[in-house]
file work-v3.txt (compact mmCIF, C-alpha atoms)
# COMPACT_ATOMS: atom_id res chain seq x y z
CA MET A 1 22.24 -1.80 64.01
CA PRO A 2 24.86 0.99 64.00
CA ARG A 3 23.96 3.98 66.19
CA SER A 4 23.96 6.35 63.19
CA THR A 5 21.55 4.11 61.29
CA PHE A 6 19.26 3.82 64.35
CA SER A 7 19.21 7.61 64.84
CA SER A 8 18.41 8.18 61.19
CA THR A 9 15.60 5.63 61.35
CA ARG A 10 14.18 7.27 64.50
CA ARG A 11 14.30 10.72 62.86
CA GLY A 12 12.57 9.30 59.81
CA VAL A 13 9.77 7.79 61.90
CA ALA A 14 9.31 11.10 63.75
CA ALA A 15 9.19 13.00 60.47
CA LEU A 16 6.60 10.61 59.08
CA ALA A 17 4.51 10.99 62.25
CA THR A 18 4.64 14.76 61.98
CA PHE A 19 3.72 14.63 58.29
CA GLY A 20 0.86 12.29 59.10
CA ALA A 21 -0.48 14.62 61.76
CA LEU A 22 -0.37 17.55 59.35
CA CYS A 23 -2.16 15.53 56.69
CA ALA A 24 -4.80 14.44 59.19
CA GLY A 25 -5.30 18.05 60.18
CA ALA A 26 -5.79 19.08 56.58
CA LEU A 27 -8.06 16.10 55.90
CA PHE A 28 -10.38 16.72 58.82
CA GLY A 29 -10.29 20.50 58.78
CA ALA A 30 -8.54 20.85 62.13
CA PRO A 31 -5.96 23.62 62.41
CA ALA A 32 -2.36 22.40 62.63
CA PHE A 33 -1.52 25.04 65.24
CA ALA A 34 -2.49 25.82 68.80
CA GLN A 35 -5.63 27.85 69.28
CA ASP A 36 -5.33 31.21 71.06
CA LYS A 37 -7.55 31.15 74.14
CA VAL A 38 -9.57 34.38 73.98
CA GLN A 39 -12.21 35.83 76.31
CA LEU A 40 -14.91 38.22 75.13
CA GLN A 41 -16.57 40.26 77.89
CA LEU A 42 -20.17 41.06 77.01
CA ASN A 43 -21.76 44.30 78.12
CA TRP A 44 -24.90 42.59 79.40
CA PHE A 45 -26.66 39.30 79.82
CA HIS A 46 -27.32 37.50 76.54
CA LEU A 47 -29.39 39.54 74.09
CA ALA A 48 -30.04 39.20 70.38
CA ASP A 49 -27.18 41.51 69.38
CA HIS A 50 -24.79 38.92 70.83
CA SER A 51 -26.20 36.14 68.65
CA PRO A 52 -23.91 36.75 65.61
CA ILE A 53 -20.99 35.83 67.86
CA TYR A 54 -22.60 32.47 68.58
CA LEU A 55 -23.39 31.96 64.90
CA ALA A 56 -19.70 32.55 64.14
CA LEU A 57 -18.82 30.04 66.88
CA LYS A 58 -21.22 27.46 65.50
CA LYS A 59 -19.91 27.85 61.97
CA GLY A 60 -16.31 27.51 63.14
CA TYR A 61 -15.20 30.98 62.07
CA TYR A 62 -13.23 31.59 65.27
CA LYS A 63 -11.67 28.15 65.08
CA ASP A 64 -10.67 28.83 61.48
CA GLU A 65 -8.87 31.94 62.74
CA GLY A 66 -7.04 29.97 65.42
CA ILE A 67 -9.21 31.31 68.25
CA GLU A 68 -10.75 29.33 71.11
CA LEU A 69 -13.38 31.84 72.24
CA THR A 70 -15.04 32.02 75.65
CA VAL A 71 -17.97 34.45 75.99
CA LEU A 72 -18.47 36.03 79.43
CA ARG A 73 -21.83 37.37 80.61
CA GLY A 74 -21.79 41.08 81.41
CA SER A 75 -23.37 43.38 83.96
CA GLY A 76 -23.10 46.78 82.30
CA SER A 77 -20.92 48.75 79.89
CA ALA A 78 -18.94 50.43 82.67
CA ASP A 79 -18.16 47.06 84.23
CA SER A 80 -17.05 45.72 80.85
CA ALA A 81 -14.68 48.67 80.37
CA LYS A 82 -13.23 48.11 83.85
CA LYS A 83 -12.57 44.42 83.20
CA ILE A 84 -10.74 45.06 79.94
CA GLU A 85 -8.67 47.77 81.63
CA LEU A 86 -7.71 45.28 84.35
CA GLY A 87 -6.84 42.59 81.82
CA GLN A 88 -9.61 40.23 82.94
CA ALA A 89 -10.69 39.62 79.32
CA ASP A 90 -9.18 40.24 75.88
CA PHE A 91 -12.08 41.90 74.05
CA GLY A 92 -15.01 43.84 75.41
CA ILE A 93 -18.35 45.20 74.26
CA SER A 94 -19.32 48.58 75.65
CA ASP A 95 -21.00 51.67 74.31
CA ALA A 96 -18.71 54.35 72.93
CA PRO A 97 -19.49 57.07 75.54
CA THR A 98 -18.58 54.71 78.37
CA VAL A 99 -15.28 53.75 76.74
CA LEU A 100 -14.55 57.43 76.05
CA THR A 101 -15.25 58.30 79.67
CA ALA A 102 -12.94 55.53 80.87
CA ILE A 103 -10.18 56.70 78.51
CA SER A 104 -10.58 60.28 79.75
CA LYS A 105 -9.88 58.98 83.26
CA GLY A 106 -6.70 57.24 82.19
CA ALA A 107 -7.90 53.81 81.06
CA ASN A 108 -5.57 52.19 78.53
CA LEU A 109 -8.34 51.31 76.05
CA LYS A 110 -9.04 51.67 72.34
CA MET A 111 -12.11 50.95 70.22
CA VAL A 112 -11.42 48.69 67.22
CA ALA A 113 -14.90 48.46 65.65
CA VAL A 114 -18.44 49.64 66.23
CA VAL A 115 -21.34 47.29 66.88
CA TYR A 116 -24.18 49.82 66.84
CA ASP A 117 -23.44 52.27 64.04
CA LYS A 118 -26.37 54.24 65.47
CA ALA A 119 -26.82 54.35 69.23
CA GLY A 120 -29.81 52.51 70.68
CA ASN A 121 -30.04 54.54 73.92
CA ASN A 122 -33.69 54.77 74.83
CA VAL A 123 -36.27 55.07 77.60
CA PHE A 124 -39.24 52.66 77.93
CA PHE A 125 -42.51 53.28 79.78
CA ARG A 126 -46.19 52.47 79.79
CA LYS A 127 -48.08 54.56 77.24
CA SER A 128 -50.32 55.67 80.09
CA ALA A 129 -47.31 57.53 81.56
CA ASN A 130 -47.97 60.31 78.98
CA ILE A 131 -44.31 60.72 78.10
CA ARG A 132 -44.01 62.17 74.60
CA ALA A 133 -40.81 64.19 74.74
CA PRO A 134 -37.65 64.32 76.89
CA LYS A 135 -39.02 67.19 79.04
CA ASP A 136 -41.86 64.91 80.12
CA LEU A 137 -39.26 62.90 82.08
CA ILE A 138 -38.83 65.73 84.61
CA GLY A 139 -39.95 64.63 88.06
CA LYS A 140 -40.13 60.96 87.03
CA LYS A 141 -38.52 57.93 88.67
CA ILE A 142 -36.42 56.04 86.15
CA ALA A 143 -34.94 52.59 86.73
CA VAL A 144 -31.35 52.03 85.58
CA PRO A 145 -28.66 49.58 86.75
CA PRO A 146 -25.62 51.11 88.51
CA ALA A 147 -23.15 50.22 85.73
CA ASP A 148 -25.49 50.95 82.83
CA SER A 149 -24.20 53.12 79.98
CA HIS A 150 -27.27 55.37 80.14
CA ARG A 151 -25.97 56.82 83.42
CA VAL A 152 -22.87 58.04 81.58
CA LEU A 153 -24.82 59.61 78.74
CA TRP A 154 -27.85 60.95 80.59
CA PRO A 155 -26.31 64.31 81.67
CA ALA A 156 -25.39 65.14 78.06
CA PHE A 157 -28.80 64.09 76.73
CA ALA A 158 -30.57 66.05 79.46
CA ALA A 159 -28.50 69.16 78.66
CA LEU A 160 -29.56 68.99 75.01
CA HIS A 161 -33.13 69.53 76.18
CA GLY A 162 -32.50 72.01 78.97
CA ILE A 163 -33.10 69.45 81.70
CA ALA A 164 -31.06 69.38 84.91
CA PRO A 165 -29.67 65.83 85.24
CA ASP A 166 -31.02 65.57 88.79
CA ALA A 167 -34.51 66.59 87.65
CA VAL A 168 -35.24 62.87 87.42
CA THR A 169 -34.70 60.28 90.13
CA LEU A 170 -32.52 57.38 88.99
CA VAL A 171 -33.46 54.18 90.80
CA ASN A 172 -30.95 51.32 91.04
CA VAL A 173 -32.17 48.02 89.64
CA LYS A 174 -30.60 44.75 88.54
CA PRO A 175 -30.26 44.42 84.75
CA GLU A 176 -32.88 41.68 84.56
CA GLY A 177 -35.33 43.60 86.75
CA LYS A 178 -36.01 46.67 84.59
CA GLN A 179 -39.24 45.48 83.02
CA ALA A 180 -40.68 44.10 86.26
CA ILE A 181 -40.18 47.31 88.23
CA VAL A 182 -42.00 49.34 85.57
CA ALA A 183 -44.75 46.73 85.30
CA ALA A 184 -45.24 46.94 89.08
CA ASN A 185 -45.58 50.76 88.81
CA GLU A 186 -42.71 51.23 91.27
CA VAL A 187 -41.07 53.60 88.78
CA ASP A 188 -42.36 55.59 85.82
CA ALA A 189 -39.87 54.37 83.22
CA SER A 190 -36.54 52.66 82.62
CA PHE A 191 -33.53 53.44 80.51
CA ASP A 192 -32.90 50.49 78.20
CA LEU A 193 -31.69 49.88 74.67
CA TYR A 194 -34.23 50.25 71.87
CA THR A 195 -33.35 46.74 70.74
CA SER A 196 -35.13 45.36 73.82
CA TYR A 197 -38.53 46.50 72.49
CA ALA A 198 -39.89 42.96 72.06
CA ILE A 199 -38.90 42.08 75.64
CA TRP A 200 -40.84 45.09 76.92
CA GLU A 201 -43.89 44.11 74.85
CA LYS A 202 -43.78 40.65 76.38
CA VAL A 203 -43.91 42.09 79.92
CA LEU A 204 -46.11 45.17 79.51
CA GLY A 205 -48.27 43.86 76.68
CA LYS A 206 -48.46 44.67 73.00
CA GLY A 207 -49.73 48.15 72.33
CA ASP A 208 -48.89 49.35 75.84
CA VAL A 209 -45.18 50.14 75.35
CA GLY A 210 -44.04 53.71 74.85
CA HIS A 211 -40.47 54.73 74.16
CA LEU A 212 -38.17 57.63 73.28
CA LEU A 213 -35.18 56.73 71.11
CA TRP A 214 -32.51 59.27 72.00
CA ALA A 215 -31.18 59.30 68.44
CA ASP A 216 -34.54 60.71 67.36
CA PHE A 217 -34.12 63.55 69.85
CA GLY A 218 -30.76 65.00 68.92
CA LEU A 219 -28.32 62.24 69.89
CA PRO A 220 -27.01 60.62 66.65
CA ILE A 221 -23.87 59.02 68.08
CA TYR A 222 -22.07 55.71 68.05
CA GLY A 223 -23.45 53.01 70.29
CA HIS A 224 -21.77 49.77 71.31
CA THR A 225 -18.23 49.03 70.23
CA TYR A 226 -15.68 46.25 70.35
CA PHE A 227 -12.67 47.48 72.28
CA VAL A 228 -9.37 46.23 73.69
CA ASN A 229 -6.60 47.17 76.04
CA ASN A 230 -3.78 48.89 74.14
CA ASP A 231 -1.44 46.23 75.49
CA LEU A 232 -3.13 43.71 73.17
CA ILE A 233 -2.52 45.98 70.17
CA ARG A 234 1.14 46.07 71.12
CA LYS A 235 1.55 42.38 71.90
CA ASN A 236 -0.72 40.61 69.39
CA PRO A 237 -2.24 42.91 66.75
CA LYS A 238 -2.97 40.03 64.37
CA LEU A 239 -5.27 38.49 66.99
CA ILE A 240 -7.53 41.56 66.80
CA GLU A 241 -7.70 41.29 63.03
CA ARG A 242 -8.57 37.60 63.23
CA PHE A 243 -11.20 38.16 65.93
CA LEU A 244 -12.97 40.89 63.96
CA ARG A 245 -12.88 38.88 60.74
CA ALA A 246 -14.56 35.90 62.41
CA THR A 247 -17.06 38.12 64.25
CA HIS A 248 -18.09 40.07 61.15
CA LYS A 249 -18.56 36.86 59.19
CA GLY A 250 -21.08 35.99 61.89
CA TRP A 251 -22.79 39.38 61.51
CA LYS A 252 -22.98 39.00 57.74
CA ASP A 253 -24.60 35.58 58.13
CA ALA A 254 -26.94 36.93 60.82
CA LYS A 255 -28.23 39.58 58.44
CA ALA A 256 -28.90 36.88 55.83
CA SER A 257 -30.63 34.63 58.39
CA PRO A 258 -31.59 36.23 61.74
CA ALA A 259 -33.32 33.02 62.84
CA ALA A 260 -30.13 30.98 62.37
CA SER A 261 -28.24 33.53 64.45
CA ILE A 262 -30.71 33.37 67.34
CA ASP A 263 -30.87 29.57 67.14
CA ALA A 264 -27.09 29.34 67.49
CA MET A 265 -27.17 31.36 70.72
CA VAL A 266 -30.22 29.56 72.13
CA GLU A 267 -28.49 26.21 71.55
CA ALA A 268 -25.41 27.39 73.42
CA VAL A 269 -27.02 29.31 76.31
CA PRO A 270 -29.78 27.55 78.30
CA GLY A 271 -32.97 29.35 79.31
CA LEU A 272 -33.20 31.97 76.56
CA ASP A 273 -36.53 33.00 75.00
CA ARG A 274 -36.07 32.35 71.29
CA THR A 275 -39.30 33.99 70.16
CA THR A 276 -38.67 37.26 71.97
CA LEU A 277 -35.01 37.41 70.95
CA LEU A 278 -35.86 36.83 67.30
CA ALA A 279 -38.46 39.59 67.46
CA THR A 280 -35.75 42.09 68.42
CA MET A 281 -33.53 41.37 65.41
CA PRO A 282 -35.14 43.89 63.02
CA GLN A 283 -34.29 46.78 65.41
CA ILE A 284 -30.77 45.44 65.95
CA LEU A 285 -30.00 45.11 62.25
CA ASP A 286 -31.47 48.57 61.65
CA LEU A 287 -28.96 50.07 64.12
CA CYS A 288 -25.97 47.91 63.19
CA VAL A 289 -26.14 47.55 59.42
CA THR A 290 -26.12 51.00 57.82
CA GLU A 291 -25.02 52.80 54.66
CA ARG A 292 -21.62 53.31 56.30
CA SER A 293 -21.09 49.62 56.92
CA ALA A 294 -22.29 48.80 53.40
CA LYS A 295 -19.67 51.20 52.02
CA HIS A 296 -16.67 50.50 54.26
CA GLY A 297 -17.45 47.15 55.88
CA LEU A 298 -18.98 46.15 59.19
CA GLY A 299 -17.57 47.91 62.23
CA TRP A 300 -15.95 50.82 60.35
CA ILE A 301 -15.55 53.99 62.46
CA GLU A 302 -15.92 57.46 60.94
CA PRO A 303 -13.67 60.05 62.64
CA GLU A 304 -16.28 62.80 62.30
CA LEU A 305 -19.01 60.77 64.00
CA MET A 306 -16.63 59.63 66.74
CA GLN A 307 -15.73 63.29 67.33
CA LYS A 308 -19.42 64.13 67.61
CA THR A 309 -19.83 61.23 70.04
CA MET A 310 -17.00 62.69 72.11
CA ASP A 311 -18.43 66.21 71.99
CA ILE A 312 -21.80 65.04 73.28
CA THR A 313 -20.31 62.70 75.87
CA PHE A 314 -18.25 65.48 77.43
CA ALA A 315 -20.70 68.34 76.83
CA THR A 316 -21.53 68.73 80.52
CA ASN A 317 -18.69 66.90 82.20
CA LYS A 318 -15.39 67.92 80.64
CA PRO A 319 -12.42 65.78 81.74
CA GLU A 320 -9.16 67.22 82.97
CA LYS A 321 -7.49 65.90 79.83
CA MET A 322 -9.71 65.72 76.75
CA PRO A 323 -8.90 62.64 74.62
CA VAL A 324 -7.77 63.16 71.04
CA VAL A 325 -10.18 61.48 68.64
CA GLY A 326 -7.37 59.72 66.77
CA ASP A 327 -6.23 58.09 70.02
CA VAL A 328 -9.55 56.52 71.05
CA PHE A 329 -10.17 54.29 68.03
CA THR A 330 -8.50 52.62 65.08
CA ASN A 331 -9.66 51.09 61.80
CA GLN A 332 -6.36 49.30 61.21
CA PHE A 333 -7.88 45.93 62.08
CA SER A 334 -11.04 46.39 60.00
CA SER A 335 -12.32 43.15 58.48
CA LYS A 336 -13.72 45.10 55.49
CA ILE A 337 -16.51 42.49 55.41
CA LYS A 338 -19.63 44.07 53.94
CA PRO A 339 -23.11 42.99 55.07

call {"tool": "encode", "arguments": {"input": "work-v3.txt", "output": "structure tokens"}}
result
Amino acid sequence: MPRSTFSSTRRGVAALATFGALCAGALFGAPAFAQDKVQLQLNWFHLADHSPIYLALKKGYYKDEGIELTVLRGSGSADSAKKIELGQADFGISDAPTVLTAISKGANLKMVAVVYDKAGNNVFFRKSANIRAPKDLIGKKIAVPPADSHRVLWPAFAALHGIAPDAVTLVNVKPEGKQAIVAANEVDASFDLYTSYAIWEKVLGKGDVGHLLWADFGLPIYGHTYFVNNDLIRKNPKLIERFLRATHKGWKDAKASPAASIDAMVEAVPGLDRTTLLATMPQILDLCVTERSAKHGLGWIEPELMQKTMDITFATNKPEKMPVVGDVFTNQFSSKIKP
């Protein structure tokens, strides 16, 4: 066979093989392109508000967007912010005040969507502790992990109520040990998100859990957010858009079926308490799915509310260089998916 004929035949076989692979990909639903390996750094150990991510994973929404997602367990919002700043993960979850504080200290971060459209900052205690208002916390011992977001926000919340931040004693505790230390009466209370209410009822007993939701006492600010290093915005902006689209599809489905969302996470992460996690979903959806998200789409950030979040965050601890509100967040990657 002449060399030219052989070469043409070989090219034809290669072309057919490539065409066949593309057809197989279309036939079986597999993407005909390489998946971007992406890491999401959680703010905490697995809780119900992380379950929509696992529902999106189970339904293949990330895969459809060309994303191979790995979810990393967290140990606090401040730790999450630090890891994204250092480039140890691509996306992070952290509450807005913690991200703002990191940015004010020079961190190269930007929020790209909110998770909690209304902050869930809260304090839990036994009802017998007779805590009915923020001023009742004076003189109390309060458990809170070292990297917990409540430590960042506590001075501003205390100032709103004329309380000196050091009028309470903050006791270090591991994230998973908050309920136990209160149950053992070693401390009077613990800072923890309102969405953990069902977990507290399981440990302290139904009818014996008291709480103060900070939003009910003058702190209507943004809570958890999805955020990135600005380097990712510069290098791969489309990845952020794809990530949020897949994630918000999971949130939309979670609102329609909270049980399916929890089941997806329980299947993927061994040792979780399905019953307790499912019981926390009503509080989570109440904080995450609001009139704003119904109007603009899940994750949308209002400049005025972000400015208020900044004002409260820095009320008692003004940074050397105050961030400009337009520099700390963007809606340019909004999925516009409505719940």

call {"tool": "residues_around", "arguments": {"input": "work-v3.txt", "residues": "Glu304 in chain A", "least_positions_apart": "3", "cutoff": "12 Å", "atoms": "all atoms listed in the file", "output": "PyMOL selection string"}}
result
chain A and resi 220-222+301+307-311+325-326+329

call {"tool": "residues_around", "arguments": {"input": "work-v3.txt", "residues": "Arg242 in chain A", "least_positions_apart": "6", "cutoff": "9 Å", "atoms": "only C-alpha atoms", "output": "list of chain:residue names"}}
result
A:Tyr62, A:Glu65, A:Gly66, A:Ile67, A:Phe333, A:Ser335

call {"tool": "atom_distance", "arguments": {"input": "work-v3.txt", "atom1": "CA of Ala184 in chain A", "atom2": "CA of Ala198 in chain A"}}
result
18.3 Å

call {"tool": "residues_around", "arguments": {"input": "work-v3.txt", "residues": "Leu47 in chain A", "least_positions_apart": "2", "cutoff": "9 Å", "atoms": "all atoms listed in the file", "output": "MDAnalysis selection string"}}
result
chainID A and resid 44:45 49:51 195:196 272 277 280

call {"tool": "residues_around", "arguments": {"input": "work-v3.txt", "residues": "Cys288 in chain A", "least_positions_apart": "5", "cutoff": "6 Å", "atoms": "only C-alpha atoms", "output": "ChimeraX atom specification"}}
result
/A:115-117

call {"tool": "closest_residue", "arguments": {"input": "work-v3.txt", "among": "A:Pro270, A:Pro323, A:Pro52, A:Pro165", "to": "Lys255 in chain A", "atoms": "only C-alpha atoms"}}
result
A:Pro52

call {"tool": "axis_aligned_box", "arguments": {"input": "work-v3.txt", "around": "range 100-111 of chain A", "padding_each_side": "4 Å", "output": "lines of an AutoDock Vina configuration file"}}
result
center_x = -10.4
center_y = 55.6
center_z = 76.7
size_x = 17.7
size_y = 17.3
size_z = 21.0

call {"tool": "residues_around", "arguments": {"input": "work-v3.txt", "residues": "range 229-234 of chain A", "least_positions_apart": "5", "cutoff": "9 Å", "atoms": "all atoms listed in the file", "output": "PyMOL selection string"}}
result
chain A and resi 84-87+90-91+107-111+239-240

call {"tool": "closest_residue", "arguments": {"input": "work-v3.txt", "among": "A:Ala279, A:Met306, A:Val38, A:Leu244", "to": "Val328 in chain A", "atoms": "all atoms listed in the file"}}
result
A:Met306

call {"tool": "atom_distance", "arguments": {"input": "work-v3.txt", "atom1": "CA of Thr98 in chain A", "atom2": "CA of Ser77 in chain A"}}
result
6.6 Å

call {"tool": "atom_distance", "arguments": {"input": "work-v3.txt", "atom1": "CA of Glu176 in chain A", "atom2": "CA of Glu68 in chain A"}}
result
28.7 Å

call {"tool": "residues_near_point", "arguments": {"input": "work-v3.txt", "point": "(-45.9, 55.7, 78.6)", "cutoff": "10 Å", "atoms": "only C-alpha atoms", "output": "list in words"}}
result
Val123, Phe124, Phe125, Arg126, Lys127, Ser128, Ala129, Asn130, Ile131, Arg132, Asp188, Ala189, Asp208, Val209, Gly210, His211 and Leu212 of chain A
